[in-house]
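Below is one structure; the comments refer to it alone.
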Amino acid sequence: MALRAVSVDFEEVNGFGDAVWRADALARHASPAGVVASGHVVLDAELPGGGWPVGALCEILQTYSAQSEWRLLLPALCAAQKPAANLGGASWVALIGSPHVPFGPALAAHGLDVQQLLWVKAQAPAERLWAAEQALRCADVAAVLAWLPQVQAAHLRRLQMAALTHAKLLFVMRPAMAQHASSPAVLRLLLLAQGAGFNAKLEPGALNVQVLKRRGPPLACTLILPARAVDLSALFGLCAGAAPVVSWAGTERKAITLERHHALDSFAA
Amino acid sequence: MHWIALQPELAPVGALDDLTDPVTALGWWALRYTPKVARTGDVLLLEVAASARLWGGLPALLQHILTSNQPVALNKYAQAATSLIALAQLAVAPSSPTQPVNGLAVDALPVHTLAAATPHLDTLSRLGIATWGQLRVLPRGGVSRRFGAALLDALDQAYGLRPDLYPWLVLPEVFEASLELTSQVESAPALLFAARRLLAQLRVWLQLRHRGVLALELIWQMDERRHTAHQGTLRLRTAQPTQDASHLQRLLGEHLAHVRLPAPAHTLRLRTLETSVLGNTSASLLPDAVSTGDSLAQTVERLSARLGANQVLQLQPRQDHRPEQMQAWPPAATQLIAAYAIDKRTRGQNSLKNASQPVATVGAPRPRADVSKRIAAPLALWAQPLYPTWLLQVPIHLAVRQQQPQYQGPLTLLAGPQRLESGWWGGGEMALRDYFVARSAQAGLLWIYRERLHRSGAAAATDEPDASWYLHGLFA
């Protein structure tokens, strides 16, 4: 009874705004500045507010050999460049310390305005952090992508504060090993290597995403996002003799979720 | 005629956060009230009779001068009908901005306040003459014989019988100011402290000229006793005209951090190389969604200054079939400067550098939409949905085992070949390649190519046992 009363009370008062949310539900608003839809229906359903939080640090953990950040982020980056996004009309995307050369023709084909891409080739960790903070402070920058293989939690906190102050999208790419270290990130995603743990032949372009941390209950299952470009899938379909047949090419991106466990299973394991 | 004499508050020598030349800066500022501003020593003289009506009368004008935002704080002032009386009142009975003082009567002013009488003060005091009135009643012929005509002329000028003429202060066309350093400076970053004062002066000049600086030059003179260079120069260029002294200061600081001084510097000089009209943005009555933060140009300039211009890049599409030649990454700073130049030309704006040329483009300004449309059409053709999102700077040579290329394990070819034969006309490397999309169990989808050897004949490429494979891109 008492518990019920407290719960009702909490619902009624809710004077904490968005800073407090119930443990069994997602926070309604991930950040005060709103969200930008990630473009992946499955992922949006599991993210608080329904998209990437603006003005918050999002960590993306992945192994060095299997990089798939563009597939995950491109739809959101394209949306962020549009004037309709709640980023104050800013439309530049800054890449800080990317591991390879961003290839414009492919990015443009996915809808990114490559003329508004700023590539900062900083090498030293301190330089990357400084450049990322400077980019966040720029009024014309909508999103910052920073590759920080070596970074301390205190420095990440500083980036988080800068993103919060200036209301920008901030994605930090870190190695998968960092998943056990604590982090001030609001959202942490682990991109798994393709073909790990399930039959890879079904989904050659799928992204396997584990949500490590979010403003909401922990998520035990792995999300599978069909994220391959339609054109590439069609190409594979044409080359079906040499390649696994791609059956979902051109179809609508729909929810495919494997083995939905209870949230607490991950702790028991 | 109505004259106002102003004396600025002079900071003690060696104060850092100060203008290099506060009196001149205040003079430039005072030009907004009247074109007749003159400087005598540390005092500014303003002749305001002609512009008093514009400002709503003399009291209103004086109130405006005293309460508006001056570059240097005012210490004291005085006003009178002629310049010499105003100067004398300033010396004897000055008003402070908070407390006006009624000056002495003109005849009661002491003789020592008249500059022309200074050489004769001893004689005058022995004659028992202490005030202007006593001096004026003396016979003119005798005064002229004894003290020279200069004293009589000054007296006539003071009483308004002769015109007050001064070399009026004008705002220079090009800003140039120099500063002698109080002590010799050994390291370049320490020059920034002195340069701050020059930049503060520059800001006053820019605000009065309604211009923004595009390029400026900092010159330091060095100790000539050493057999090294006597002069060092640092040129700074901004993408957009700016008045923001703090941004210029940060840029200067980043650039000076890379400079080494061969000898201690003793003099610093700052001048503008190019300035441009600054378009003022009109403020809205309603609260506007003000974007806080630096502009892109400022951010790019700061990043380029610290990391190097070749580290901060912007994409430029190119028409080529070789993937590595399809895009160039020139420095973003130079791109922004070029973009501003194009923008300025289309708007028909003229900068100081070419102010003498007639503005011919005003009549037919090219609309911006046309420019963007011209760029957009090739971009659609240039986009390649089947190409990878990461390109490797240098293709990685792949090992081949049992005629199968290896990258973290064997690769399965999914699609291909896409044949590329380009670059044979020179200008870069000739490319004879077959591109494939391959899958690796570890690394996902890869973009690899097989180099076809440039060999004539039937045995050219396809079945070569030692065909060399390269990894060129990642479908990330």
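Chain labels follow the order of the structure tokens: the first chain is A, the next B, and so on; residue numbering restarts at 1 in every chain, and ligands are counted from 1 in their shown order.
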
Contact set, chain B to chain A: 8 Å, only C-alpha atoms, as a ChimeraX atom specification: /B:291-296,299,303,307,311-317,326-327,332,379-380,382-393,413-416,441-444,475-476

task: Pick out each residue of stretch 26-136 of chain A that DSSP on the backbone tags as helix (DSSP H, G or I); I need them as number ranges by chain.
output: A: 41-46, 48-50, 69-81, 104-109, 114-116, 125-136

Contact residues around B:Leu161 with only C-alpha atoms at 12 Å, ignoring same-chain residues under 6 positions, as a PDB file with N, CA and C atoms, in the first residue's frame:
```pdb
ATOM      1  N   ALA B  81      34.190  79.329 -24.329  1.00  0.00           N
ATOM      2  CA  ALA B  81      33.907  79.879 -25.648  1.00  0.00           C
ATOM      3  C   ALA B  81      35.083  79.733 -26.598  1.00  0.00           C
ATOM      4  N   THR B  82      36.307  79.733 -26.079  1.00  0.00           N
ATOM      5  CA  THR B  82      37.452  79.526 -26.963  1.00  0.00           C
ATOM      6  C   THR B  82      38.304  78.394 -26.401  1.00  0.00           C
ATOM      7  N   LEU B 152      50.830  88.271 -27.641  1.00  0.00           N
ATOM      8  CA  LEU B 152      49.642  89.056 -28.010  1.00  0.00           C
ATOM      9  C   LEU B 152      48.687  88.226 -28.858  1.00  0.00           C
ATOM     10  N   ASP B 153      49.279  87.471 -29.805  1.00  0.00           N
ATOM     11  CA  ASP B 153      48.437  86.630 -30.657  1.00  0.00           C
ATOM     12  C   ASP B 153      47.658  85.627 -29.824  1.00  0.00           C
ATOM     13  N   ALA B 154      48.357  85.019 -28.857  1.00  0.00           N
ATOM     14  CA  ALA B 154      47.694  84.017 -28.009  1.00  0.00           C
ATOM     15  C   ALA B 154      46.586  84.664 -27.213  1.00  0.00           C
ATOM     16  N   LEU B 155      46.851  85.879 -26.747  1.00  0.00           N
ATOM     17  CA  LEU B 155      45.840  86.575 -25.952  1.00  0.00           C
ATOM     18  C   LEU B 155      44.615  86.903 -26.807  1.00  0.00           C
TER      19      LEU B 155
END
```

- prompt: So which residues touch B:Leu138 within 12 Å, counting only C-alpha atoms, skipping near sequence neighbours fewer than 2 positions away, as a ChimeraX atom specification?
  reply: /B:124,127-129,131-136,140-147,152,155

task: Can you work out the spacing between atom CA of B:Gly423 and atom CA of B:Ile448 in Å, to one decimal?
output: 18.9 Å

- prompt: stretch 237-245 of chain B: which residues within 10 Å, counting only C-alpha atoms, same-chain residues fewer than 4 positions away excluded, as an MDAnalysis selection string?
  reply: chainID B and resid 196 198:207 210:217 249:251 273:279 295:298 300:301 332:341

Let me see the file: selected residues, N, CA and C atoms, as a tab-separated table (two decimals), in the first residue's frame.
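Now in part28.tsv:
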```tsv
chain	number	residue	atom	x	y	z
B	196	ARG	N	48.21	42.77	-27.27
B	196	ARG	CA	46.84	42.98	-26.82
B	196	ARG	C	46.48	44.46	-26.81
B	198	LEU	N	47.79	46.77	-28.72
B	198	LEU	CA	47.62	47.23	-30.10
B	198	LEU	C	46.28	46.78	-30.65
B	199	LEU	N	45.86	45.56	-30.29
B	199	LEU	CA	44.59	45.05	-30.78
B	199	LEU	C	43.42	45.86	-30.22
B	200	ALA	N	43.55	46.30	-28.97
B	200	ALA	CA	42.49	47.13	-28.38
B	200	ALA	C	42.35	48.43	-29.16
B	201	GLN	N	43.49	48.98	-29.56
B	201	GLN	CA	43.47	50.21	-30.35
B	201	GLN	C	42.86	49.95	-31.73
B	202	LEU	N	43.21	48.79	-32.29
B	202	LEU	CA	42.67	48.42	-33.60
B	202	LEU	C	41.16	48.32	-33.54
B	203	ARG	N	40.67	47.79	-32.42
B	203	ARG	CA	39.22	47.61	-32.30
B	203	ARG	C	38.50	48.96	-32.34
B	204	VAL	N	39.07	49.95	-31.66
B	204	VAL	CA	38.48	51.28	-31.68
B	204	VAL	C	38.43	51.81	-33.11
B	205	TRP	N	39.53	51.63	-33.81
B	205	TRP	CA	39.61	52.13	-35.19
B	205	TRP	C	38.58	51.43	-36.08
B	206	LEU	N	38.47	50.11	-35.92
B	206	LEU	CA	37.55	49.34	-36.76
B	206	LEU	C	36.11	49.74	-36.48
B	207	GLN	N	35.80	49.96	-35.21
B	207	GLN	CA	34.42	50.32	-34.87
B	207	GLN	C	34.05	51.67	-35.47
B	210	HIS	N	33.58	51.34	-39.16
B	210	HIS	CA	32.56	50.35	-39.50
B	210	HIS	C	33.12	49.30	-40.43
B	211	ARG	N	34.31	48.86	-40.14
B	211	ARG	CA	34.96	47.87	-40.99
B	211	ARG	C	35.39	46.69	-40.14
B	212	GLY	N	35.62	45.59	-40.83
B	212	GLY	CA	36.18	44.42	-40.17
B	212	GLY	C	37.51	44.10	-40.82
B	213	VAL	N	38.41	43.54	-40.06
B	213	VAL	CA	39.74	43.28	-40.59
B	213	VAL	C	39.75	41.92	-41.27
B	214	LEU	N	40.40	41.87	-42.43
B	214	LEU	CA	40.56	40.60	-43.16
B	214	LEU	C	41.98	40.09	-43.06
B	215	ALA	N	42.94	41.01	-43.06
B	215	ALA	CA	44.33	40.59	-42.96
B	215	ALA	C	45.08	41.65	-42.18
B	216	LEU	N	45.94	41.22	-41.30
B	216	LEU	CA	46.75	42.19	-40.58
B	216	LEU	C	48.15	41.62	-40.39
B	217	GLU	N	49.03	42.52	-40.00
B	217	GLU	CA	50.44	42.18	-39.94
B	217	GLU	C	51.00	42.67	-38.62
B	249	GLN	N	43.05	38.01	-30.94
B	249	GLN	CA	44.08	37.77	-29.93
B	249	GLN	C	44.37	36.29	-29.78
B	250	ARG	N	43.32	35.47	-29.79
B	250	ARG	CA	43.53	34.03	-29.67
B	250	ARG	C	44.28	33.49	-30.89
B	251	LEU	N	43.89	34.01	-32.08
B	251	LEU	CA	44.57	33.58	-33.30
B	251	LEU	C	46.04	33.95	-33.26
B	273	LEU	N	46.31	45.05	-43.31
B	273	LEU	CA	46.64	44.89	-44.72
B	273	LEU	C	45.39	44.98	-45.57
B	274	GLU	N	44.29	44.46	-45.05
B	274	GLU	CA	43.06	44.49	-45.83
B	274	GLU	C	41.88	44.53	-44.86
B	275	THR	N	40.99	45.43	-45.13
B	275	THR	CA	39.78	45.50	-44.32
B	275	THR	C	38.59	45.53	-45.25
B	276	SER	N	37.43	45.25	-44.69
B	276	SER	CA	36.24	45.23	-45.52
B	276	SER	C	35.07	45.79	-44.72
B	277	VAL	N	34.10	46.28	-45.44
B	277	VAL	CA	32.92	46.84	-44.78
B	277	VAL	C	32.21	45.72	-44.03
B	278	LEU	N	31.85	46.04	-42.81
B	278	LEU	CA	31.19	45.03	-41.99
B	278	LEU	C	29.69	45.29	-42.06
B	279	GLY	N	28.97	44.32	-42.58
B	279	GLY	CA	27.52	44.47	-42.63
B	279	GLY	C	26.94	44.30	-41.26
B	295	SER	N	31.56	31.39	-34.76
B	295	SER	CA	31.18	31.06	-36.12
B	295	SER	C	32.12	29.99	-36.65
B	296	LEU	N	31.73	29.40	-37.76
B	296	LEU	CA	32.55	28.33	-38.32
B	296	LEU	C	33.93	28.85	-38.70
B	297	ALA	N	33.96	30.06	-39.27
B	297	ALA	CA	35.25	30.61	-39.69
B	297	ALA	C	36.18	30.76	-38.49
B	298	GLN	N	35.64	31.22	-37.37
B	298	GLN	CA	36.49	31.39	-36.19
B	298	GLN	C	37.00	30.04	-35.70
B	300	VAL	N	37.37	27.26	-37.43
B	300	VAL	CA	38.35	26.70	-38.37
B	300	VAL	C	39.68	27.41	-38.24
B	301	GLU	N	39.63	28.74	-38.08
B	301	GLU	CA	40.89	29.47	-37.96
B	301	GLU	C	41.64	29.06	-36.70
B	332	ALA	N	40.58	23.78	-44.89
B	332	ALA	CA	39.28	24.46	-44.78
B	332	ALA	C	39.47	25.97	-44.67
B	333	ALA	N	40.59	26.41	-44.09
B	333	ALA	CA	40.79	27.85	-43.91
B	333	ALA	C	40.86	28.55	-45.26
B	334	THR	N	41.65	27.99	-46.20
B	334	THR	CA	41.76	28.63	-47.51
B	334	THR	C	40.45	28.52	-48.27
B	335	GLN	N	39.73	27.42	-48.08
B	335	GLN	CA	38.44	27.26	-48.74
B	335	GLN	C	37.46	28.34	-48.30
B	336	LEU	N	37.48	28.61	-46.98
B	336	LEU	CA	36.55	29.61	-46.46
B	336	LEU	C	36.88	30.99	-46.99
B	337	ILE	N	38.20	31.29	-47.08
B	337	ILE	CA	38.60	32.59	-47.61
B	337	ILE	C	38.14	32.72	-49.06
B	338	ALA	N	38.33	31.64	-49.83
B	338	ALA	CA	37.91	31.67	-51.23
B	338	ALA	C	36.39	31.83	-51.33
B	339	ALA	N	35.68	31.13	-50.45
B	339	ALA	CA	34.21	31.21	-50.50
B	339	ALA	C	33.75	32.62	-50.17
B	340	TYR	N	34.45	33.25	-49.20
B	340	TYR	CA	34.06	34.62	-48.85
B	340	TYR	C	34.33	35.57	-50.01
B	341	ALA	N	35.46	35.35	-50.71
B	341	ALA	CA	35.80	36.23	-51.83
B	341	ALA	C	34.74	36.12	-52.91
```

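Our summary of the geometry notes that atom CA of B:Ala467 is positioned 21.9 Å from atom CA of B:His321.
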
- request: Please identify which residues in stretch 72-200 of chain A DSSP calls strand (DSSP E) from the backbone, and express them as a ChimeraX atom specification.
  value: /A:92-96,101-102,117-120,141-147,169-175,187-192

Closest of A:Cys58, A:Ala163, A:Val211, A:Val36 to A:Gln81 - atom-to-atom distances counting only C-alpha atoms: A:Val36

- request: Give me the residues within 8 Å of stretch 115-118 of chain B as a PyMOL selection string, counting only C-alpha atoms and dropping any in the same chain fewer than 4 places off.
  value: chain B and resi 111+150-151+154
